[in-house]
Amino acid sequence: MSKVNGAPQKRLLQVLNGQEGDQTPVWLMRQAGRYLPEYREVRKQAGSFLNLCYTPELAEEVTLQPIRRYGFDAAILFSDILVVPDGLGQTVGFKEGEGPVLEPIADLAGLEKLDLARVLEHLEPVYETVRRLAKSLPDETTFIGFAGAPWTVATYMVGGRGSPDQGAAKAWAYRAPDEFQKLIDLLVEATILHLSAQVEAGVEVLQIFDTWAGSLPESAFRRFAIEPMKKIVAALKVRYPFVPIIGFPRGAGPMIVDYVRETGIQAVSLDTGLSPSWVRKEVQPLICVQGNLDPLLLVAGGEEMRNGARFILETLGDRPFIFNLGHGIVPQTPPEHVAELVEFVRDFKR
Ligand code: 1CP
């Protein structure tokens with residue numbers, strides 16, 4: 001590890017600040033979670049998933065688990081994008097093996113029940129988790145806080161669960177765009193509050209997940225993915241000009257170029273479907289990129305996984321770059337494959 005004045009350098013922060021490092025930083029989306037036996041143990045102890053998110057010592061522990069095992073360059077706070085609707089007062093639950101279940105909001109009357117004023121107090125245990133981690137993480141580990149982007153969070157709030165086509169949210173957005181905009185505007189405000197509180201409590205970088213951005217056609221993508229993100233980034237930059245923001249507009253395709261140009265983010269996370277060679281020409285000259293190994297290659301492991309990682313590193317690794325997956329680790333991933341991947345990235349010579 002490189003040191004300046006005896007202090008260990010945080011590789012991920014260095015890259016985000018445009019400094020050349022000695023090695024490509026690596027972390028993986030969903031690096032904490034069900035593929036780790038030690039996570040499943042704590043998850044059982046916690047009872048419900050939200051209880052795990054809201055119990056600082058347990059959330060701290062599961063954030064640290066993948067750092068202990070693999071020494072990733074970054075830790076991502078253990079929480080979920082759906083704590084924001086929970087904080088706003090919507091009924092949110094997680095069913096074993098099924099994922100999130102919310103009481104759907106489908107009209108203005110539903111919106112009336114949400115209350116921005118209760119978010120910070122309700123989410124106080126999350127900020128307590130951040131304060132603890134700011135002390136307990138190793139000096140060289142960059143600490144990432146996060147939130148879902150308004151469109152993605154809205155798809156769960158309106159649909160009541162995950163869906164293959166985000167049909168319920170789209171139906172509202174297309175039928176009554178100005179009504180739906182009120183939900184998006186509320187989520188912009190809630191997201192700014194939630195991310196600001198994480199920074200105040202000690203995170204160093206923010207990532208904003210727009211997992212379902214790719215289901216929006218161009219004009220809706222501009223209105224419901226780019227515009228809200230612009231507002232969030234602008235508000236955070238006024239308060240915290242030195243906190244880098246990573247955007248993840250999953251499935252944006254070539255629209256990622258406008259997303260990068262217009263939102264004001266410092267890095268962009270690439271989904272599995274984006275071609276590294278295209279990104280090298282069209283995106284990397286504009287901004288630091290992160291990605292994008294197929295999480296299923298991590299399940300397979302071995303030569304195919306290493307070939308996939310090598311191609312990404314050879315194509316993108318000599319300009320500002322953070323190694324990651326194109327989406328989150330899946331539960332059936334063998335933990336040994338993660339160790340192999342990290343070793344491969346660390347040993348890779350550009
Ligand atoms: O029972 C369990 O243990 C639940 C599994 C689980 C976990 C481990 C859920 C439920 N959320 C999480 C943690 C989580 N979620 C993290 C922190 C851990 C880490 O990354 O190491 C983060 C960053 C998220 C973000 C998240 N939650 C996203 C955006 C990123 C992505 O993966 O696309 C989304 C869409 C969610 C919603 C959600 N929460 C949980 C599930 C299973 C889902 C997806 C639901 C669906 O199928 O649409």
# chains A, B, ... in the order shown; residues from 1 in each chain; ligands from 1
call {"tool": "select_by_dssp", "arguments": {"residues": "range 115-276 of chain A", "states": "alpha helix (DSSP H)", "output": "VMD selection string"}}
result
chain A and resid 119 to 122 124 to 136 150 to 159 167 to 175 177 to 201 218 to 221 227 to 239 256 to 263 276
call {"tool": "write_last_selection", "arguments": {"atoms": "C-alpha atoms", "output": "PDB file, in the first residue's frame"}}
result
ATOM      1  CA  VAL A 119     -37.369  10.422   7.473  1.00  0.00           C
ATOM      2  CA  LEU A 120     -34.302  11.521   9.435  1.00  0.00           C
ATOM      3  CA  GLU A 121     -35.619  10.475  12.804  1.00  0.00           C
ATOM      4  CA  HIS A 122     -36.860   7.127  11.545  1.00  0.00           C
ATOM      5  CA  GLU A 124     -31.387   7.464  12.816  1.00  0.00           C
ATOM      6  CA  PRO A 125     -30.215   3.838  13.433  1.00  0.00           C
ATOM      7  CA  VAL A 126     -28.760   3.835   9.913  1.00  0.00           C
ATOM      8  CA  TYR A 127     -26.720   6.970  10.680  1.00  0.00           C
ATOM      9  CA  GLU A 128     -25.603   5.403  13.964  1.00  0.00           C
ATOM     10  CA  THR A 129     -24.342   2.427  11.926  1.00  0.00           C
ATOM     11  CA  VAL A 130     -22.385   4.868   9.743  1.00  0.00           C
ATOM     12  CA  ARG A 131     -20.799   6.565  12.775  1.00  0.00           C
ATOM     13  CA  ARG A 132     -19.700   3.196  14.136  1.00  0.00           C
ATOM     14  CA  LEU A 133     -18.239   2.076  10.817  1.00  0.00           C
ATOM     15  CA  ALA A 134     -16.388   5.359  10.315  1.00  0.00           C
ATOM     16  CA  LYS A 135     -14.422   4.315  13.418  1.00  0.00           C
ATOM     17  CA  SER A 136     -14.149   0.568  12.875  1.00  0.00           C
ATOM     18  CA  PRO A 150     -36.160   8.269  -7.310  1.00  0.00           C
ATOM     19  CA  TRP A 151     -37.399   6.349 -10.368  1.00  0.00           C
ATOM     20  CA  THR A 152     -36.193   2.966  -9.077  1.00  0.00           C
ATOM     21  CA  VAL A 153     -37.534   3.552  -5.559  1.00  0.00           C
ATOM     22  CA  ALA A 154     -40.841   4.722  -7.075  1.00  0.00           C
ATOM     23  CA  THR A 155     -41.174   1.460  -9.049  1.00  0.00           C
ATOM     24  CA  TYR A 156     -41.280  -0.461  -5.742  1.00  0.00           C
ATOM     25  CA  MET A 157     -43.499   2.102  -3.993  1.00  0.00           C
ATOM     26  CA  VAL A 158     -46.094   2.017  -6.758  1.00  0.00           C
ATOM     27  CA  GLY A 159     -45.845  -1.661  -7.739  1.00  0.00           C
ATOM     28  CA  GLY A 167     -45.542  -1.742 -15.250  1.00  0.00           C
ATOM     29  CA  ALA A 168     -47.409  -0.161 -12.340  1.00  0.00           C
ATOM     30  CA  ALA A 169     -45.082   2.843 -12.011  1.00  0.00           C
ATOM     31  CA  LYS A 170     -45.008   3.312 -15.781  1.00  0.00           C
ATOM     32  CA  ALA A 171     -48.793   3.162 -15.985  1.00  0.00           C
ATOM     33  CA  TRP A 172     -49.048   6.056 -13.503  1.00  0.00           C
ATOM     34  CA  ALA A 173     -46.159   8.007 -15.057  1.00  0.00           C
ATOM     35  CA  TYR A 174     -47.676   7.787 -18.552  1.00  0.00           C
ATOM     36  CA  ARG A 175     -51.327   8.293 -17.562  1.00  0.00           C
ATOM     37  CA  PRO A 177     -47.150  12.455 -15.478  1.00  0.00           C
ATOM     38  CA  ASP A 178     -47.701  15.548 -13.341  1.00  0.00           C
ATOM     39  CA  GLU A 179     -49.146  13.462 -10.525  1.00  0.00           C
ATOM     40  CA  PHE A 180     -46.321  10.943 -10.730  1.00  0.00           C
ATOM     41  CA  GLN A 181     -43.869  13.859 -10.744  1.00  0.00           C
ATOM     42  CA  LYS A 182     -45.036  14.732  -7.227  1.00  0.00           C
ATOM     43  CA  LEU A 183     -43.827  11.337  -6.005  1.00  0.00           C
ATOM     44  CA  ILE A 184     -40.501  11.801  -7.816  1.00  0.00           C
ATOM     45  CA  ASP A 185     -40.097  15.299  -6.317  1.00  0.00           C
ATOM     46  CA  LEU A 186     -40.779  13.972  -2.830  1.00  0.00           C
ATOM     47  CA  LEU A 187     -38.176  11.237  -3.385  1.00  0.00           C
ATOM     48  CA  VAL A 188     -35.635  13.816  -4.589  1.00  0.00           C
ATOM     49  CA  GLU A 189     -36.044  15.654  -1.269  1.00  0.00           C
ATOM     50  CA  ALA A 190     -35.979  12.466   0.822  1.00  0.00           C
ATOM     51  CA  THR A 191     -32.863  11.220  -1.007  1.00  0.00           C
ATOM     52  CA  ILE A 192     -31.018  14.510  -0.434  1.00  0.00           C
ATOM     53  CA  LEU A 193     -31.849  14.327   3.294  1.00  0.00           C
ATOM     54  CA  HIS A 194     -30.853  10.672   3.573  1.00  0.00           C
ATOM     55  CA  LEU A 195     -27.557  11.025   1.691  1.00  0.00           C
ATOM     56  CA  SER A 196     -26.629  14.247   3.519  1.00  0.00           C
ATOM     57  CA  ALA A 197     -27.173  12.528   6.870  1.00  0.00           C
ATOM     58  CA  GLN A 198     -24.907   9.664   5.766  1.00  0.00           C
ATOM     59  CA  VAL A 199     -22.156  12.143   4.846  1.00  0.00           C
ATOM     60  CA  GLU A 200     -22.545  13.968   8.162  1.00  0.00           C
ATOM     61  CA  ALA A 201     -22.200  10.609   9.928  1.00  0.00           C
ATOM     62  CA  GLU A 218     -35.779   8.419 -24.029  1.00  0.00           C
ATOM     63  CA  SER A 219     -38.134  11.225 -23.029  1.00  0.00           C
ATOM     64  CA  ALA A 220     -39.183   9.497 -19.795  1.00  0.00           C
ATOM     65  CA  PHE A 221     -35.526   8.661 -19.086  1.00  0.00           C
ATOM     66  CA  GLU A 227     -33.606  15.370 -14.100  1.00  0.00           C
ATOM     67  CA  PRO A 228     -34.069  14.044 -10.529  1.00  0.00           C
ATOM     68  CA  MET A 229     -30.430  12.937 -10.447  1.00  0.00           C
ATOM     69  CA  LYS A 230     -29.327  16.431 -11.526  1.00  0.00           C
ATOM     70  CA  LYS A 231     -31.238  17.965  -8.622  1.00  0.00           C
ATOM     71  CA  ILE A 232     -29.853  15.495  -6.080  1.00  0.00           C
ATOM     72  CA  VAL A 233     -26.249  15.929  -7.237  1.00  0.00           C
ATOM     73  CA  ALA A 234     -26.541  19.741  -7.346  1.00  0.00           C
ATOM     74  CA  ALA A 235     -27.923  19.913  -3.789  1.00  0.00           C
ATOM     75  CA  LEU A 236     -25.231  17.577  -2.445  1.00  0.00           C
ATOM     76  CA  LYS A 237     -22.438  19.452  -4.257  1.00  0.00           C
ATOM     77  CA  VAL A 238     -23.436  22.704  -2.556  1.00  0.00           C
ATOM     78  CA  ARG A 239     -23.126  21.087   0.857  1.00  0.00           C
ATOM     79  CA  ILE A 256     -25.480   6.792 -20.413  1.00  0.00           C
ATOM     80  CA  VAL A 257     -23.523   9.489 -22.299  1.00  0.00           C
ATOM     81  CA  ASP A 258     -26.166  12.173 -21.673  1.00  0.00           C
ATOM     82  CA  TYR A 259     -26.616  10.887 -18.126  1.00  0.00           C
ATOM     83  CA  VAL A 260     -22.891  11.427 -17.501  1.00  0.00           C
ATOM     84  CA  ARG A 261     -22.777  14.828 -19.242  1.00  0.00           C
ATOM     85  CA  GLU A 262     -25.861  16.238 -17.564  1.00  0.00           C
ATOM     86  CA  THR A 263     -26.063  14.917 -14.000  1.00  0.00           C
ATOM     87  CA  PRO A 276     -16.078  -2.066 -22.551  1.00  0.00           C
TER      88      PRO A 276
END
call {"tool": "closest_atom_pairs", "arguments": {"of": "chain A", "to": "ligand 1", "cutoff": "6 Å", "atoms": "only C-alpha atoms and all ligand atoms", "output": "CSV"}}
result
residue,atom,partner,partner_atom_place_in_ligand_line,distance
A:Met29,CA,ligand 1,20 (O),4.7
A:Arg30,CA,ligand 1,20 (O),3.0
A:Gln31,CA,ligand 1,21 (O),4.0
A:Ala32,CA,ligand 1,21 (O),3.7
A:Gly33,CA,ligand 1,8 (C),4.0
A:Arg34,CA,ligand 1,3 (O),5.7
A:Phe49,CA,ligand 1,1 (O),5.7
A:Ile76,CA,ligand 1,21 (O),5.7
A:Phe78,CA,ligand 1,17 (C),4.3
A:Ser79,CA,ligand 1,17 (C),5.0
A:Asp80,CA,ligand 1,15 (N),4.2
A:Ile81,CA,ligand 1,27 (N),4.9
A:Glu96,CA,ligand 1,1 (O),5.8
A:Gly99,CA,ligand 1,42 (C),4.2
A:Pro100,CA,ligand 1,45 (C),5.9
A:Gly162,CA,ligand 1,48 (O),3.6
A:Phe209,CA,ligand 1,29 (C),5.2
A:Thr211,CA,ligand 1,33 (O),4.6
A:Gly328,CA,ligand 1,32 (O),5.0
call {"tool": "write_last_selection", "arguments": {"atoms": "C-alpha atoms", "output": "JSON list (two decimals), in the first residue's frame"}}
result
[["chain", "number", "residue", "atom", "x", "y", "z"],
["A", 29, "MET", "CA", -21.99, -4.51, -5.48],
["A", 30, "ARG", "CA", -23.88, -6.60, -2.88],
["A", 31, "GLN", "CA", -20.56, -7.75, -1.40],
["A", 32, "ALA", "CA", -22.42, -8.27, 1.89],
["A", 33, "GLY", "CA", -25.27, -10.75, 1.66],
["A", 34, "ARG", "CA", -26.66, -14.21, 1.39],
["A", 49, "PHE", "CA", -34.38, -7.96, 7.20],
["A", 76, "ILE", "CA", -20.65, -0.18, 1.28],
["A", 78, "PHE", "CA", -25.32, -2.37, 4.82],
["A", 79, "SER", "CA", -28.83, -1.03, 4.31],
["A", 80, "ASP", "CA", -31.37, -1.04, 1.48],
["A", 81, "ILE", "CA", -32.83, 1.44, -0.98],
["A", 96, "GLU", "CA", -38.08, -14.64, 2.94],
["A", 99, "GLY", "CA", -37.96, -9.88, -1.65],
["A", 100, "PRO", "CA", -39.64, -6.60, -0.73],
["A", 162, "GLY", "CA", -40.18, -6.04, -7.69],
["A", 209, "PHE", "CA", -28.61, 3.06, -7.76],
["A", 211, "THR", "CA", -31.53, -0.23, -11.18],
["A", 328, "GLY", "CA", -24.92, -7.30, -7.57]]
call {"tool": "closest_residue", "arguments": {"among": "A:Leu50, A:Val338, A:Leu28, A:Leu64", "to": "Thr91 in chain A", "atoms": "only C-alpha atoms"}}
result
A:Leu50
call {"tool": "closest_residue", "arguments": {"among": "A:Val283, A:Leu58, A:Met305, A:Leu297", "to": "Arg319 in chain A", "atoms": "only C-alpha atoms"}}
result
A:Val283
call {"tool": "residues_around", "arguments": {"residues": "Val26 in chain A", "least_positions_apart": "3", "cutoff": "8 Å", "atoms": "only C-alpha atoms", "output": "PyMOL selection string"}}
result
chain A and resi 12+72-74+322-324+342+345
call {"tool": "decode", "arguments": {"residues": "range 101-131 of chain A", "atoms": "N, CA, C and O atoms", "output": "tab-separated table (two decimals), in the first residue's frame"}}
result
chain	number	residue	atom	x	y	z
A	101	VAL	N	-41.95	-6.33	-0.06
A	101	VAL	CA	-43.39	-6.22	-0.25
A	101	VAL	C	-43.83	-4.90	0.41
A	101	VAL	O	-43.58	-4.69	1.59
A	102	LEU	N	-44.45	-4.02	-0.37
A	102	LEU	CA	-44.89	-2.72	0.15
A	102	LEU	C	-46.38	-2.57	-0.09
A	102	LEU	O	-46.93	-3.17	-1.02
A	103	GLU	N	-47.01	-1.75	0.75
A	103	GLU	CA	-48.42	-1.45	0.50
A	103	GLU	C	-48.44	-0.39	-0.62
A	103	GLU	O	-47.99	0.73	-0.41
A	104	PRO	N	-48.92	-0.77	-1.82
A	104	PRO	CA	-48.70	0.10	-2.98
A	104	PRO	C	-49.36	1.48	-2.87
A	104	PRO	O	-50.42	1.62	-2.27
A	105	ILE	N	-48.69	2.47	-3.45
A	105	ILE	CA	-49.23	3.83	-3.52
A	105	ILE	C	-49.59	4.07	-4.96
A	105	ILE	O	-48.73	3.95	-5.84
A	106	ALA	N	-50.84	4.38	-5.24
A	106	ALA	CA	-51.24	4.44	-6.64
A	106	ALA	C	-51.88	5.76	-7.04
A	106	ALA	O	-52.25	5.95	-8.19
A	107	ASP	N	-52.04	6.68	-6.08
A	107	ASP	CA	-52.72	7.93	-6.42
A	107	ASP	C	-52.33	9.04	-5.44
A	107	ASP	O	-51.54	8.82	-4.51
A	108	LEU	N	-52.90	10.21	-5.64
A	108	LEU	CA	-52.54	11.35	-4.80
A	108	LEU	C	-52.91	11.12	-3.34
A	108	LEU	O	-52.20	11.56	-2.43
A	109	ALA	N	-54.01	10.39	-3.11
A	109	ALA	CA	-54.41	10.10	-1.72
A	109	ALA	C	-53.31	9.28	-1.03
A	109	ALA	O	-53.01	9.50	0.15
A	110	GLY	N	-52.70	8.37	-1.75
A	110	GLY	CA	-51.60	7.57	-1.20
A	110	GLY	C	-50.40	8.45	-0.88
A	110	GLY	O	-49.74	8.27	0.15
A	111	LEU	N	-50.13	9.41	-1.75
A	111	LEU	CA	-49.00	10.33	-1.54
A	111	LEU	C	-49.18	11.16	-0.27
A	111	LEU	O	-48.22	11.46	0.43
A	112	GLU	N	-50.45	11.53	-0.01
A	112	GLU	CA	-50.77	12.35	1.17
A	112	GLU	C	-50.29	11.70	2.46
A	112	GLU	O	-50.01	12.37	3.45
A	113	LYS	N	-50.23	10.38	2.46
A	113	LYS	CA	-49.87	9.67	3.69
A	113	LYS	C	-48.36	9.69	3.96
A	113	LYS	O	-47.92	9.31	5.05
A	114	LEU	N	-47.58	10.08	2.96
A	114	LEU	CA	-46.12	10.07	3.15
A	114	LEU	C	-45.68	11.37	3.80
A	114	LEU	O	-46.22	12.44	3.52
A	115	ASP	N	-44.66	11.27	4.68
A	115	ASP	CA	-44.27	12.45	5.45
A	115	ASP	C	-42.74	12.60	5.48
A	115	ASP	O	-42.04	11.85	6.16
A	116	LEU	N	-42.27	13.59	4.73
A	116	LEU	CA	-40.83	13.86	4.64
A	116	LEU	C	-40.22	14.16	6.01
A	116	LEU	O	-39.06	13.84	6.28
A	117	ALA	N	-41.04	14.76	6.89
A	117	ALA	CA	-40.53	15.23	8.19
A	117	ALA	C	-40.10	14.08	9.10
A	117	ALA	O	-39.39	14.30	10.08
A	118	ARG	N	-40.54	12.83	8.82
A	118	ARG	CA	-40.17	11.75	9.73
A	118	ARG	C	-38.95	10.94	9.26
A	118	ARG	O	-38.46	10.07	10.00
A	119	VAL	N	-38.43	11.25	8.06
A	119	VAL	CA	-37.37	10.42	7.47
A	119	VAL	C	-36.12	10.36	8.36
A	119	VAL	O	-35.65	9.27	8.71
A	120	LEU	N	-35.59	11.52	8.74
A	120	LEU	CA	-34.30	11.52	9.43
A	120	LEU	C	-34.39	10.85	10.80
A	120	LEU	O	-33.48	10.11	11.20
A	121	GLU	N	-35.48	11.09	11.49
A	121	GLU	CA	-35.62	10.47	12.80
A	121	GLU	C	-35.79	8.96	12.68
A	121	GLU	O	-35.16	8.19	13.39
A	122	HIS	N	-36.63	8.55	11.73
A	122	HIS	CA	-36.86	7.13	11.55
A	122	HIS	C	-35.58	6.38	11.14
A	122	HIS	O	-35.37	5.23	11.53
A	123	LEU	N	-34.75	7.06	10.36
A	123	LEU	CA	-33.54	6.40	9.85
A	123	LEU	C	-32.31	6.64	10.73
A	123	LEU	O	-31.19	6.28	10.34
A	124	GLU	N	-32.50	7.21	11.90
A	124	GLU	CA	-31.39	7.46	12.82
A	124	GLU	C	-30.51	6.22	13.07
A	124	GLU	O	-29.28	6.32	13.10
A	125	PRO	N	-31.09	5.01	13.23
A	125	PRO	CA	-30.22	3.84	13.43
A	125	PRO	C	-29.25	3.60	12.27
A	125	PRO	O	-28.14	3.09	12.48
A	126	VAL	N	-29.66	3.99	11.07
A	126	VAL	CA	-28.76	3.83	9.91
A	126	VAL	C	-27.55	4.77	10.07
A	126	VAL	O	-26.41	4.39	9.81
A	127	TYR	N	-27.83	6.01	10.52
A	127	TYR	CA	-26.72	6.97	10.68
A	127	TYR	C	-25.82	6.57	11.85
A	127	TYR	O	-24.61	6.82	11.81
A	128	GLU	N	-26.40	5.93	12.86
A	128	GLU	CA	-25.60	5.40	13.96
A	128	GLU	C	-24.67	4.30	13.44
A	128	GLU	O	-23.49	4.23	13.82
A	129	THR	N	-25.18	3.46	12.55
A	129	THR	CA	-24.34	2.43	11.93
A	129	THR	C	-23.17	3.09	11.20
A	129	THR	O	-22.02	2.63	11.29
A	130	VAL	N	-23.45	4.17	10.48
A	130	VAL	CA	-22.39	4.87	9.74
A	130	VAL	C	-21.34	5.40	10.72
A	130	VAL	O	-20.12	5.24	10.49
A	131	ARG	N	-21.77	6.02	11.81
A	131	ARG	CA	-20.80	6.56	12.78
A	131	ARG	C	-19.90	5.46	13.33
A	131	ARG	O	-18.70	5.65	13.49
